[in-house]
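Peer 1: Structure below; questions to follow.
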Amino acid sequence: MTQMKSPVRLLLFDIDGTLVNVRPGLSKKVFLDTLAALHSLESVVLADGYSFHGRTDRSIYADVCRFNGVRDGDLIRVEDAFVELLVDGWRRTLDAASVSLLPGVPELLDLLDRRETELLSLLTGNVAEGAVAKLEPHGLAERFTGGAFGSDSPDRNELPGFAFDRIEELTGQRFEPEQGVIIGDSPRDIECARTAGLHVIAVATGGSDLDELADHRPDLLVESLERHDRIIQFLERIP
């Protein structure tokens, strides 16, 4: 019997703009429609320049509620109900036609699975069940072990700690920060990695182009996850 290798690196993948793209505007529409219905708002207004890109669902909910005059007490009181309704809306709306796989994703995951030296996990601003709703249309949810989600904390920079603890609970293996790699498409992913002492691969398939991502100095910057050669070479340079 061939003995499996023990993973020596923990890869924490973002979802939106990294693994999949939801049809433009659809995910945001479900989010804002859910918020409006729950708080009896005729319409929801966003602050000038406000972007969902790289934020957690909980931080977006709090920001948008406050900007639209929802009191903090009301916001906290119904936050769990909002999450439940939001996930239900995504489950009813998202399918293989409205969620597209980004270039190179299945091939890279297959390659990493064969290597057996990386454990594949998630680090995303989506609440946990929302993450599953976005991954399920293409059967991706089962490709990942645990991770950290926007339901764990509204502060994205706190999520690596949740991810490492959850992986240890699930597998019995404790990874150190220098063994971790965040793979994401936004400057917030890069900031998160830097804050927690992780490596970071930035991919320009989401809301930020190569120049913007380069300004934030990721350890590796690729046009898409089709660049398997560069990604594997980078991973193998990590002790």
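Identifiers in the structure tokens: chain A, B, ... in order shown; residue index from 1 per chain; ligand index from 1 in order shown.
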Within range 45-230 of chain A, find each residue whose DSSP state, derived from the backbone, is helix (DSSP H, G or I), and express the selection as a PyMOL selection string.
Peer 2: chain A and resi 57-67+72-77+79-93+105-115+128-138+141-143+156-171+177-179+187-196+210-215+228-230
Peer 1: Per DSSP on the backbone, filter range 113-174 of chain A down to the residues in strand (DSSP E or B) and report them as a PDB file with N, CA and C atoms, in the first residue's frame.
Peer 2:
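Saved to states_33.pdb:
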ATOM      1  N   GLU A 118       0.065  19.638  -0.219  1.00  0.00           N
ATOM      2  CA  GLU A 118      -0.704  20.815   0.173  1.00  0.00           C
ATOM      3  C   GLU A 118      -2.095  20.389   0.630  1.00  0.00           C
ATOM      4  N   LEU A 119      -2.549  20.975   1.723  1.00  0.00           N
ATOM      5  CA  LEU A 119      -3.925  20.781   2.170  1.00  0.00           C
ATOM      6  C   LEU A 119      -4.737  21.965   1.674  1.00  0.00           C
ATOM      7  N   LEU A 120      -5.823  21.692   0.981  1.00  0.00           N
ATOM      8  CA  LEU A 120      -6.625  22.747   0.368  1.00  0.00           C
ATOM      9  C   LEU A 120      -7.759  23.140   1.302  1.00  0.00           C
ATOM     10  N   SER A 121      -7.834  24.433   1.599  1.00  0.00           N
ATOM     11  CA  SER A 121      -8.841  24.949   2.504  1.00  0.00           C
ATOM     12  C   SER A 121      -9.353  26.279   1.956  1.00  0.00           C
ATOM     13  N   LEU A 122     -10.168  26.967   2.731  1.00  0.00           N
ATOM     14  CA  LEU A 122     -10.804  28.197   2.282  1.00  0.00           C
ATOM     15  C   LEU A 122     -10.547  29.330   3.271  1.00  0.00           C
ATOM     16  N   LEU A 123     -10.476  30.534   2.750  1.00  0.00           N
ATOM     17  CA  LEU A 123     -10.520  31.741   3.570  1.00  0.00           C
ATOM     18  C   LEU A 123     -11.274  32.774   2.754  1.00  0.00           C
ATOM     19  N   GLY A 147     -11.628  25.675   6.947  1.00  0.00           N
ATOM     20  CA  GLY A 147     -11.294  27.028   6.544  1.00  0.00           C
ATOM     21  C   GLY A 147     -11.889  28.057   7.480  1.00  0.00           C
ATOM     22  N   ALA A 148     -11.912  29.295   7.029  1.00  0.00           N
ATOM     23  CA  ALA A 148     -12.476  30.394   7.807  1.00  0.00           C
ATOM     24  C   ALA A 148     -13.379  31.219   6.904  1.00  0.00           C
TER      25      ALA A 148
END
Peer 1: Neighbouring residues of Asp63 in chain A were defined as those with any atom within 12 Å, considering only C-alpha atoms; residues of the same chain fewer than 2 positions away were excluded. Please report them as a list in words.
Peer 2: Leu32, Leu35, Val44, Val45, Leu46, Ala47, Tyr50, Ser51, Phe52, Arg55, Thr56, Asp57, Arg58, Ser59, Ile60, Tyr61, Cys65, Arg66, Phe67, Asn68, Gly69, Val70, Arg71, Asp72, Leu75 and Pro154 of chain A
Peer 1: Could you check the closest approach to Val203 in chain A for each of A:Ala96, A:Leu101, A:Leu109, A:Leu19 and tell me which residue wins, using only C-alpha atoms?
Peer 2: A:Leu19
Peer 1: Using only C-alpha atoms, which of A:Ile167, A:Ala62, A:Ile231, A:Val200 sits nearest Arg217 in chain A?
Peer 2: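 Nearest to Arg217 in chain A: A:Val200.
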Peer 1: List the spatial neighbours of Arg227 in chain A as a compact mmCIF listing (two decimals) with C-alpha atoms, in the first residue's frame - criterion: any atom at most 10 Å away, only C-alpha atoms, same-chain residues fewer than 6 positions off excluded.
Peer 2:
# COMPACT_ATOMS: atom_id res chain seq x y z
CA PRO A 103 -9.74 29.64 -15.80
CA GLY A 104 -7.43 26.91 -14.56
CA LEU A 108 -4.92 23.35 -10.48
CA VAL A 203 -4.58 36.39 -9.05
CA LEU A 221 1.25 37.61 -8.89
Peer 1: At a cut-off of 12 Å, using only C-alpha atoms, what residues contact Asp16 in chain A? Leave out same-chain residues fewer than 3 positions from it and give the result as a PyMOL selection string.
Peer 2: chain A and resi 13+19-24+27-28+52-57+99-102+122-126+130-135+183-186+189+203-208
Peer 1: Out of A:Leu140, A:Val105, A:Ala37, A:Leu220, which residue has the shortest atom-to-atom distance to Val78 in chain A when counting only C-alpha atoms?
Peer 2: A:Ala37
Peer 1: If you measure from CA of His199 in chain A to CA of Glu236 in chain A, what distance in Å do you get, rounded to one decimal?
Peer 2: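 Computing it gives 12.5 Å between the two atoms.
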